[in-house]
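What follows is the content of structure_35.txt, which has compact mmCIF, C-alpha atoms:
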```txt
# COMPACT_ATOMS: atom_id res chain seq x y z
CA MET T 1 0.00 0.00 0.00
CA CYS T 2 2.76 2.42 0.87
CA THR T 3 4.54 1.56 -2.36
CA ARG T 4 1.47 2.49 -4.39
CA VAL T 5 1.05 5.80 -2.56
CA TYR T 6 4.67 6.62 -3.09
CA ALA T 7 4.44 5.78 -6.79
CA CYS T 8 1.34 7.92 -7.22
CA THR T 9 3.03 10.84 -5.48
CA CYS T 10 6.04 10.61 -7.75
CA VAL T 11 3.87 10.48 -10.83
CA CYS T 12 1.98 13.56 -9.66
CA LEU T 13 5.17 15.45 -9.03
CA LEU T 14 6.54 14.52 -12.42
CA TRP T 15 3.32 15.56 -14.08
CA PHE T 16 3.35 18.86 -12.22
CA CYS T 17 6.96 19.53 -13.23
CA LEU T 18 6.19 18.63 -16.81
CA CYS T 19 3.25 21.04 -16.84
CA PHE T 20 5.39 23.83 -15.39
CA VAL T 21 8.11 23.27 -17.99
CA CYS T 22 5.55 23.30 -20.76
CA LEU T 23 4.08 26.53 -19.43
CA CYS T 24 7.49 28.19 -19.37
CA VAL T 25 8.26 27.00 -22.87
CA CYS T 26 4.97 28.38 -24.11
CA VAL T 27 5.62 31.80 -22.56
CA PHE T 28 9.13 31.92 -23.99
CA CYS T 29 7.93 30.86 -27.43
CA ARG T 30 5.27 33.53 -27.34
CA ARG T 31 7.88 36.22 -26.71
CA ILE T 32 10.06 34.94 -29.52
CA ASP T 33 7.07 34.73 -31.81
CA TYR T 34 6.13 38.35 -30.91
CA LYS T 35 9.61 39.59 -31.73
CA LEU T 36 9.67 37.67 -34.98
CA LYS T 37 6.30 39.07 -35.89
CA ARG T 38 7.59 42.61 -35.31
CA GLN T 39 10.63 41.98 -37.49
CA ASP T 40 8.54 40.26 -40.12
CA SER T 41 6.08 43.16 -40.18
CA THR T 42 8.84 45.59 -41.16
CA LYS T 43 10.13 43.13 -43.71
CA THR T 44 6.63 42.55 -44.97
CA LEU T 45 6.06 46.29 -45.53
CA LEU T 46 9.33 46.56 -47.46
CA ILE T 47 8.48 43.51 -49.49
CA LYS T 48 5.06 44.95 -50.19
CA SER T 49 6.55 48.20 -51.53
CA GLU T 50 9.02 46.35 -53.72
CA GLN T 51 6.32 43.99 -54.89
CA LEU T 52 3.98 46.88 -55.55
CA LEU T 53 6.59 48.58 -57.76
CA ARG T 54 7.71 45.24 -59.24
CA ILE T 55 11.33 46.11 -58.66
CA GLU T 56 12.52 42.50 -58.82
CA GLU T 57 10.81 41.90 -62.15
CA HIS T 58 12.78 44.47 -64.14
CA ASP T 59 16.40 45.32 -64.88
CA PHE T 60 16.82 48.86 -63.62
CA ALA T 61 20.39 49.03 -64.87
CA MET T 62 18.84 49.95 -68.24
CA ARG T 63 17.10 53.25 -68.85
CA PRO T 64 13.33 53.33 -69.42
CA GLY T 65 12.40 52.61 -73.02
CA PHE T 66 15.80 51.24 -73.91
CA GLY T 67 16.22 50.83 -77.65
CA GLY T 68 13.56 53.43 -78.43
CA SER T 69 13.57 57.19 -78.52
CA ALA T 70 15.40 59.32 -75.96
CA ILE T 71 13.73 59.53 -72.56
CA PRO T 72 12.80 63.15 -71.66
CA VAL T 73 14.00 64.28 -68.24
CA GLY T 74 12.70 67.61 -66.97
CA ILE T 75 14.79 69.68 -64.58
CA ASP T 76 13.57 72.13 -61.97
CA VAL T 77 15.99 74.09 -59.75
CA GLN T 78 15.44 76.23 -56.69
CA VAL T 79 18.52 78.14 -55.58
CA GLU T 80 18.67 78.31 -51.81
CA SER T 81 21.81 80.41 -51.40
CA ILE T 82 25.07 81.51 -52.94
CA ASP T 83 27.47 80.81 -50.11
CA SER T 84 30.67 82.40 -51.39
CA ILE T 85 32.33 83.95 -54.44
CA SER T 86 36.12 83.80 -54.63
CA GLU T 87 38.06 86.07 -56.97
CA VAL T 88 41.36 84.38 -56.12
CA ASN T 89 40.13 80.87 -57.05
CA MET T 90 37.66 82.13 -59.66
CA ASP T 91 34.78 80.01 -58.39
CA PHE T 92 31.47 80.23 -56.53
CA THR T 93 29.64 77.96 -54.09
CA MET T 94 25.90 77.45 -54.43
CA THR T 95 23.33 75.42 -52.49
CA LEU T 96 20.27 74.35 -54.46
CA TYR T 97 17.37 71.91 -54.71
CA LEU T 98 17.73 69.84 -57.89
CA ARG T 99 14.54 68.12 -59.04
CA HIS T 100 14.23 65.58 -61.87
CA TYR T 101 11.01 64.59 -63.62
CA TRP T 102 10.64 61.56 -65.89
CA LYS T 103 8.35 58.62 -66.53
CA ASP T 104 9.19 54.97 -65.95
CA GLU T 105 6.25 52.71 -66.69
CA ARG T 106 8.03 49.85 -64.99
CA LEU T 107 7.25 51.53 -61.64
CA SER T 108 3.55 52.11 -62.29
CA PHE T 109 1.17 50.55 -59.78
CA PRO T 110 -2.60 50.30 -59.28
CA SER T 111 -4.18 52.83 -56.94
CA ARG T 112 -7.84 53.51 -56.15
CA ASN T 113 -7.34 57.07 -54.93
CA ASN T 114 -4.50 57.92 -57.39
CA GLN T 115 -2.17 58.90 -54.56
CA SER T 116 1.61 58.92 -54.95
CA ARG T 117 4.09 57.15 -52.73
CA THR T 118 7.13 58.87 -51.26
CA PHE T 119 10.41 57.13 -50.45
CA ASP T 120 13.86 58.11 -49.21
CA SER T 121 17.35 57.28 -50.43
CA ARG T 122 17.09 53.56 -49.59
CA LEU T 123 14.82 52.83 -52.53
CA VAL T 124 16.66 55.20 -54.89
CA LYS T 125 19.59 52.80 -55.04
CA LYS T 126 17.37 50.03 -56.45
CA ILE T 127 15.87 51.86 -59.44
CA TRP T 128 17.11 53.83 -62.44
CA VAL T 129 17.72 57.57 -61.94
CA PRO T 130 19.26 60.15 -64.33
CA ASP T 131 23.03 60.58 -63.98
CA VAL T 132 23.07 64.38 -64.03
CA PHE T 133 26.36 66.02 -63.01
CA PHE T 134 27.70 69.58 -62.77
CA VAL T 135 30.10 70.59 -65.52
CA HIS T 136 33.26 72.44 -64.37
CA SER T 137 32.49 71.63 -60.73
CA LYS T 138 35.39 71.49 -58.28
CA ARG T 139 33.55 70.05 -55.27
CA SER T 140 29.98 68.92 -54.63
CA PHE T 141 28.10 66.88 -52.03
CA ILE T 142 24.57 65.87 -51.07
CA HIS T 143 23.55 66.98 -47.59
CA ASP T 144 23.13 64.15 -45.13
CA THR T 145 21.91 65.76 -41.90
CA THR T 146 20.07 64.08 -40.29
CA MET T 147 19.45 61.73 -43.21
CA GLU T 148 20.47 62.03 -46.83
CA ASN T 149 18.45 64.88 -48.31
CA ILE T 150 16.96 62.74 -51.09
CA MET T 151 13.30 62.36 -51.91
CA LEU T 152 11.68 59.96 -54.42
CA ARG T 153 8.00 60.28 -55.26
CA VAL T 154 6.34 57.70 -57.51
CA TYR T 155 2.91 58.28 -59.06
CA PRO T 156 0.55 55.45 -60.09
CA ASP T 157 1.04 56.14 -63.82
CA GLY T 158 4.83 55.81 -63.52
CA ASN T 159 5.73 59.50 -63.33
CA ILE T 160 8.61 60.09 -60.94
CA LEU T 161 9.89 63.10 -59.02
CA TYR T 162 13.46 62.78 -57.74
CA SER T 163 14.76 65.66 -55.60
CA VAL T 164 18.16 66.21 -53.93
CA ARG T 165 19.63 69.05 -51.90
CA VAL T 166 23.19 69.61 -53.05
CA THR T 167 26.00 72.12 -52.55
CA VAL T 168 28.37 72.61 -55.46
CA THR T 169 31.52 74.69 -56.00
CA ALA T 170 31.95 75.45 -59.69
CA LEU T 171 34.29 77.43 -61.90
CA CYS T 172 33.41 80.97 -62.98
CA SER T 173 35.66 82.55 -65.61
CA MET T 174 35.92 86.13 -64.41
CA ASP T 175 37.23 89.17 -66.29
CA PHE T 176 38.95 91.63 -63.95
CA SER T 177 39.87 94.27 -66.53
CA SER T 178 37.30 96.63 -64.94
CA PHE T 179 37.79 95.50 -61.32
CA PRO T 180 36.35 96.70 -58.93
CA LEU T 181 33.86 98.44 -61.22
CA ASP T 182 33.12 95.15 -62.95
CA THR T 183 30.14 92.92 -63.70
CA GLN T 184 30.64 89.15 -63.75
CA ASN T 185 28.57 86.59 -65.64
CA CYS T 186 28.68 83.13 -64.04
CA SER T 187 26.82 79.94 -64.88
CA LEU T 188 26.22 76.50 -63.40
CA GLU T 189 25.97 73.82 -66.10
CA LEU T 190 24.11 70.50 -65.83
CA GLU T 191 24.55 67.53 -68.14
CA SER T 192 24.09 63.77 -68.29
CA TYR T 193 27.36 61.93 -67.90
CA ALA T 194 26.64 58.63 -69.67
CA TYR T 195 23.62 59.25 -71.91
CA ASN T 196 23.95 61.41 -75.00
CA GLU T 197 21.06 63.10 -76.80
CA ASN T 198 20.02 59.79 -78.44
CA ASP T 199 19.27 58.23 -75.04
CA LEU T 200 18.36 61.11 -72.72
CA MET T 201 16.95 64.55 -73.42
CA LEU T 202 17.42 67.14 -70.67
CA TYR T 203 15.10 70.14 -70.71
CA TRP T 204 13.77 72.82 -68.38
CA LYS T 205 10.42 71.51 -67.22
CA ASN T 206 8.66 74.90 -67.03
CA GLY T 207 10.90 77.02 -69.26
CA ASN T 208 12.24 80.13 -67.55
CA ASP T 209 9.96 79.46 -64.58
CA SER T 210 11.94 76.29 -63.86
CA LEU T 211 14.58 78.39 -62.09
CA ARG T 212 13.46 79.89 -58.79
CA THR T 213 15.51 81.66 -56.17
CA ASP T 214 15.06 82.67 -52.58
CA GLU T 215 15.99 86.17 -51.47
CA ILE T 216 19.79 86.14 -51.75
CA VAL T 217 21.92 88.91 -50.23
CA LEU T 218 25.68 88.96 -50.83
CA SER T 219 28.29 91.12 -49.11
CA GLN T 220 30.23 92.29 -52.17
CA PHE T 221 27.84 91.64 -55.05
CA PHE T 222 24.36 92.49 -56.18
CA ILE T 223 22.57 89.82 -58.23
CA GLU T 224 21.15 91.60 -61.24
CA HIS T 225 19.52 88.69 -63.05
CA PHE T 226 18.89 84.94 -62.89
CA HIS T 227 17.86 83.12 -66.05
CA ALA T 228 17.87 79.59 -67.46
CA SER T 229 19.11 78.50 -70.88
CA SER T 230 19.97 75.30 -72.72
CA GLY T 231 22.33 74.10 -75.41
CA LEU T 232 24.37 71.20 -76.74
CA ALA T 233 27.87 70.03 -75.88
CA PHE T 234 29.99 67.94 -78.22
CA TYR T 235 32.61 65.39 -77.26
CA SER T 236 34.64 63.82 -80.03
CA SER T 237 34.50 60.31 -78.59
CA THR T 238 30.89 60.09 -77.36
CA GLY T 239 28.86 62.61 -79.36
CA TRP T 240 26.37 65.36 -78.51
CA TYR T 241 24.87 65.91 -75.05
CA ASN T 242 22.08 68.14 -73.81
CA ARG T 243 23.32 70.81 -71.43
CA LEU T 244 21.35 73.15 -69.17
CA PHE T 245 22.67 76.49 -67.87
CA ILE T 246 21.85 78.41 -64.70
CA ASN T 247 23.07 81.91 -65.55
CA PHE T 248 23.34 84.79 -63.10
CA ILE T 249 24.88 88.25 -63.45
CA LEU T 250 26.77 89.75 -60.51
CA ARG T 251 27.49 93.46 -60.13
CA ARG T 252 30.10 94.38 -57.54
CA HIS T 253 29.38 96.86 -54.75
CA ILE T 254 31.87 99.72 -55.08
CA PHE T 255 31.39 101.29 -51.64
CA PHE T 256 33.68 98.79 -49.89
CA PHE T 257 36.54 99.54 -52.29
CA MET T 258 35.91 103.27 -52.06
CA LEU T 259 36.50 103.09 -48.31
CA GLN T 260 39.40 100.65 -48.41
CA THR T 261 41.29 101.68 -51.56
CA TYR T 262 40.18 104.82 -53.41
CA PHE T 263 39.68 107.28 -50.54
CA PRO T 264 43.02 106.42 -48.82
CA THR T 265 44.79 106.71 -52.17
CA MET T 266 43.27 110.12 -52.84
CA LEU T 267 44.27 111.32 -49.38
CA MET T 268 47.86 110.16 -49.89
CA VAL T 269 48.10 112.03 -53.18
CA VAL T 270 46.68 115.22 -51.66
CA LEU T 271 49.00 114.82 -48.68
CA SER T 272 52.01 114.70 -50.99
CA TRP T 273 51.05 118.16 -52.31
CA VAL T 274 51.49 119.68 -48.85
CA SER T 275 55.25 119.72 -49.46
CA PHE T 276 54.75 122.39 -52.15
CA TRP T 277 53.79 124.85 -49.40
CA ILE T 278 56.66 123.93 -47.08
CA ASP T 279 59.82 126.05 -47.26
CA ARG T 280 62.25 124.59 -49.75
CA ARG T 281 65.09 124.82 -47.20
CA ALA T 282 63.23 122.48 -44.77
CA VAL T 283 64.81 119.34 -46.19
CA PRO T 284 63.91 116.94 -43.33
CA ALA T 285 60.24 117.96 -43.39
CA ARG T 286 59.75 117.65 -47.13
CA VAL T 287 61.80 114.49 -47.58
CA SER T 288 60.11 112.63 -44.71
CA LEU T 289 56.67 113.65 -46.00
CA GLY T 290 57.49 112.41 -49.49
CA ILE T 291 58.93 109.08 -48.31
CA THR T 292 55.96 108.48 -46.00
CA THR T 293 53.43 108.94 -48.79
CA VAL T 294 55.44 106.71 -51.14
CA LEU T 295 55.62 103.89 -48.58
CA THR T 296 51.91 104.20 -47.77
CA MET T 297 51.02 103.92 -51.44
CA SER T 298 53.23 100.85 -51.74
CA THR T 299 51.36 99.24 -48.82
CA ILE T 300 47.97 99.93 -50.40
CA ILE T 301 49.08 98.46 -53.74
CA THR T 302 50.46 95.34 -52.04
CA GLY T 303 47.25 94.81 -50.03
CA VAL T 304 45.05 95.01 -53.11
CA SER T 305 47.31 92.70 -55.15
CA SER T 306 47.36 90.03 -52.42
CA SER T 307 43.57 89.62 -52.57
CA MET T 308 43.43 89.28 -56.34
CA PRO T 309 44.40 86.48 -58.73
CA GLN T 310 47.68 86.83 -60.59
CA VAL T 311 46.26 87.83 -63.97
CA SER T 312 48.43 88.90 -66.88
CA TYR T 313 46.45 92.01 -67.81
CA VAL T 314 45.98 95.41 -66.20
CA LYS T 315 42.97 95.97 -63.98
CA ALA T 316 41.12 99.23 -63.47
CA VAL T 317 42.24 99.47 -59.87
CA ASP T 318 45.87 98.98 -61.01
CA ILE T 319 45.59 101.95 -63.33
CA TYR T 320 44.28 104.15 -60.54
CA LEU T 321 46.77 103.00 -57.91
CA TRP T 322 49.86 103.20 -60.12
CA THR T 323 48.87 106.58 -61.55
CA SER T 324 48.36 107.88 -58.01
CA PHE T 325 51.69 106.36 -57.04
CA LEU T 326 53.27 108.23 -59.96
CA PHE T 327 51.84 111.53 -58.70
CA VAL T 328 53.26 110.87 -55.22
CA PHE T 329 56.61 109.88 -56.67
CA LEU T 330 56.75 112.99 -58.89
CA SER T 331 56.14 115.19 -55.85
CA VAL T 332 59.33 113.75 -54.33
CA ILE T 333 61.20 114.26 -57.60
CA GLU T 334 59.88 117.83 -57.73
CA TYR T 335 61.48 118.66 -54.42
CA ALA T 336 64.71 117.04 -55.53
CA ALA T 337 64.71 119.40 -58.51
CA VAL T 338 63.92 122.41 -56.32
CA ASN T 339 66.64 121.53 -53.86
CA TYR T 340 69.17 120.97 -56.63
CA CYS T 341 68.37 124.28 -58.35
CA THR T 342 68.57 126.17 -55.06
CA THR T 343 71.92 124.61 -54.20
CA LEU T 344 73.27 125.27 -57.71
CA GLU T 345 72.23 128.92 -57.53
CA GLU T 346 73.95 129.42 -54.19
CA MET T 347 77.09 127.71 -55.44
CA ARG T 348 77.21 130.09 -58.39
CA LYS T 349 76.90 133.06 -56.06
CA MET T 350 79.81 131.75 -54.01
CA LYS T 351 81.99 131.38 -57.09
CA ARG T 352 81.18 134.92 -58.20
CA GLY T 353 82.19 136.25 -54.80
CA LYS T 354 78.86 137.80 -54.06
CA LEU T 355 78.60 136.30 -50.60
CA PRO T 356 78.82 138.70 -47.63
CA SER T 357 82.02 138.69 -45.61
CA THR T 358 80.12 137.43 -42.55
CA TYR T 359 78.65 134.42 -44.42
CA ASN T 360 79.63 131.08 -42.89
CA ALA T 361 79.03 128.24 -45.38
CA SER T 362 79.47 125.43 -42.86
CA GLN T 363 76.97 127.03 -40.50
CA ALA T 364 74.48 127.57 -43.29
CA MET T 365 74.62 123.91 -44.34
CA ALA T 366 74.64 122.47 -40.83
CA PHE T 367 70.88 122.29 -40.47
CA ASP T 368 69.56 120.98 -43.74
CA GLY T 369 72.51 120.29 -46.05
CA CYS T 370 72.11 123.22 -48.46
CA PHE T 371 73.01 126.87 -48.60
CA HIS T 372 70.51 129.46 -47.40
CA ASP T 373 69.71 132.15 -49.90
CA ASN T 374 68.33 134.44 -47.18
CA ASP T 375 71.93 135.04 -46.23
CA ILE T 376 72.95 135.68 -49.82
CA GLU T 377 72.27 138.74 -51.92
CA LEU T 378 70.63 137.18 -54.97
CA THR T 379 70.38 139.53 -57.92
CA PRO T 380 67.52 139.08 -60.32
CA PHE T 381 68.11 137.46 -63.65
CA PRO T 382 69.41 140.06 -66.18
CA ARG T 383 66.82 141.05 -68.70
CA MET T 384 67.58 141.31 -72.38
CA ALA T 385 67.77 144.85 -73.73
CA PRO T 386 65.11 145.50 -76.32
CA SER T 387 66.49 145.73 -79.83
CA LEU T 388 65.97 149.13 -81.44
CA THR T 389 64.96 149.15 -85.09
CA PRO T 390 65.45 152.53 -86.83
CA ASP T 391 62.61 154.11 -88.72
CA PRO T 392 63.21 153.78 -92.47
CA LEU T 393 61.40 157.08 -93.17
CA THR T 394 63.44 159.26 -90.82
CA ASN T 395 66.87 157.78 -91.46
CA PRO T 396 67.00 155.62 -94.59
CA THR T 397 70.79 155.67 -94.71
CA GLN T 398 71.09 154.19 -91.26
CA ASN T 399 68.52 151.62 -92.21
CA GLN T 400 70.74 150.49 -95.07
CA ASP T 401 73.81 150.29 -92.84
CA ILE T 402 72.21 148.09 -90.19
CA ARG T 403 70.22 145.90 -92.55
CA PRO T 404 70.47 142.37 -91.16
CA ARG T 405 72.41 139.89 -93.10
CA GLU T 406 70.76 136.86 -94.61
CA GLY T 407 70.38 134.05 -92.10
CA THR T 408 70.00 136.23 -88.97
CA ARG T 409 66.83 137.12 -87.03
CA LEU T 410 65.64 140.48 -85.93
CA ARG T 411 64.51 139.23 -82.50
CA ARG T 412 66.92 137.11 -80.52
CA GLN T 413 65.34 134.08 -78.77
CA ARG T 414 66.58 132.57 -75.56
CA SER T 415 68.53 129.38 -75.84
CA VAL T 416 67.88 126.26 -73.79
CA ARG T 417 70.81 127.08 -71.58
CA GLU T 418 69.44 130.52 -70.83
CA ASN T 419 66.06 129.04 -69.94
CA VAL T 420 67.74 126.57 -67.60
CA ASP T 421 69.70 129.42 -66.02
CA LEU T 422 66.47 131.34 -65.54
CA LEU T 423 64.88 128.33 -63.85
CA VAL T 424 67.92 127.77 -61.64
CA SER T 425 68.04 131.38 -60.53
CA ASN T 426 64.31 131.33 -59.72
CA SER T 427 63.90 127.83 -58.24
CA TYR T 428 60.97 128.94 -56.05
CA MET T 429 58.87 129.11 -59.25
CA ILE T 430 58.91 125.29 -59.49
CA ASP T 431 56.90 125.04 -56.26
CA SER T 432 54.56 127.78 -57.45
CA TYR T 433 53.80 126.01 -60.72
CA SER T 434 53.48 122.63 -59.00
CA ARG T 435 50.81 123.95 -56.63
CA LEU T 436 48.59 124.42 -59.66
CA ALA T 437 49.81 121.78 -62.11
CA PHE T 438 49.59 118.74 -59.82
CA PRO T 439 45.96 119.24 -58.59
CA LEU T 440 44.70 120.08 -62.08
CA SER T 441 46.40 117.04 -63.60
CA TYR T 442 45.05 114.71 -60.92
CA LEU T 443 41.56 116.17 -61.29
CA LEU T 444 41.73 115.59 -65.05
CA PHE T 445 42.86 112.01 -64.50
CA ASN T 446 39.98 111.30 -62.09
CA THR T 447 37.48 112.77 -64.51
CA ILE T 448 38.68 110.54 -67.35
CA TYR T 449 38.97 107.46 -65.12
CA TRP T 450 35.49 107.58 -63.59
CA SER T 451 33.84 108.49 -66.88
CA LEU T 452 35.39 105.42 -68.55
CA TYR T 453 34.81 102.78 -65.86
CA SER T 454 31.60 103.90 -64.15
```
Is it possible to express this structure as structure tokens?
Amino acid sequence: MCTRVYACTCVCLLWFCLCFVCLCVCVFCRRIDYKLKRQDSTKTLLIKSEQLLRIEEHDFAMRPGFGGSAIPVGIDVQVESIDSISEVNMDFTMTLYLRHYWKDERLSFPSRNNQSRTFDSRLVKKIWVPDVFFVHSKRSFIHDTTMENIMLRVYPDGNILYSVRVTVTALCSMDFSSFPLDTQNCSLELESYAYNENDLMLYWKNGNDSLRTDEIVLSQFFIEHFHASSGLAFYSSTGWYNRLFINFILRRHIFFFMLQTYFPTMLMVVLSWVSFWIDRRAVPARVSLGITTVLTMSTIITGVSSSMPQVSYVKAVDIYLWTSFLFVFLSVIEYAAVNYCTTLEEMRKMKRGKLPSTYNASQAMAFDGCFHDNDIELTPFPRMAPSLTPDPLTNPTQNQDIRPREGTRLRRQRSVRENVDLLVSNSYMIDSYSRLAFPLSYLLFNTIYWSLYS
């Protein structure tokens, strides 16, 4: 009896343990099944999209309508910003939304409400998209924060919209002959890389309205005009390709360069004229003023040249700066001529013995290195006596006696040497003439310069 009770108890315990194990296994399997169902649901949705578009049934390495006529691909661009324009590198950086429109009947799907389906970059890699690239681009990238900025929209009839947000740095051939009073014409060019005009036809989807821009404000330029155009490009090995152009005209703001270049240059030129009103014996004052203006002009020219590309032609700003530098340099040369003439005049007076007995040459030259004519009695330049011509009616005989021989003149003109002597003996006249000649010449130059380049 005890053996039977013991056997029954053991069987009950075993059955209880078996039931507990089965319960645990069921709970665990339920959890695993729930997780698998969640994973399968995601996979099922992806499979449904691919099945809906029949991606696995077609070869998307080939373009739509392969072997037939060229597939038309419409382009629509919205310019978000022009980030930078570099004169040194001759390029510009632009951020834009590039949208492609085409029809691929392989991706058509049935829809009761005719609604489109939108996908991201994960599906883009599995279908055919146009291989549009930027001609003459130096750098370009598709934005990827927080995900790749790519959008694919498929309509039930097979029409497709493919949009990307891209930043591109492209070449702009600039002409600096009128810099900084210049206007630059830049363009961004789009073209298919692999498909020529027999396979793919690029066109602006809405004509000139296909190019739209946000409000763009640049620091040094004013955007005068944005317009779209199209053309053909020929390559000897592959043929003709459709090419689209995004053209924009940039006009440079002149106010920045007026403050940084033109106004300081004008002030330096005017400052160099101050030496014409300083006493010609004040050598340290006039020489230091002239050297200071020359060095300042050299600094301005160097600063402008460092921010410009090394072009082989003359720019408008170069003409203005080097002409102004010439005026400053001539003001220094003018004082050198004045000082030389003054010293030469005083040396002549010393040789003629017309110096006073109390005149001390070493003391006169101690301060500024030249003789002082306030200590010297300078006689005016001798005037030529007027030639007297006798009246032929009152004294005809005398008229016959003094008749000039053939080859002589009645009025004697001054020779070059006499004119130089006159200038040397009146060296102060050089400053007097320069006070008028330099400002008038510079004013004439500015009038011609701004009338030509404005």
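Among the candidates T:Ile75, T:Val328, T:Leu96, T:Ile291, the one nearest to Thr265 in chain T when counting all atoms listed in the file is T:Val328.
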Using only C-alpha atoms, give me every residue within 12 Å of (23.2, 72.4, -55.2) in file coordinates, as a PyMOL selection string. chain T and resi 76-83+92-99+132-134+137+139-143+149+163-170+188-190+246
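The smallest atom-to-atom distance between Met266 in chain T and any of T:Tyr340, T:Phe66, T:Tyr241, T:Phe327, using only C-alpha atoms, is found for T:Phe327.
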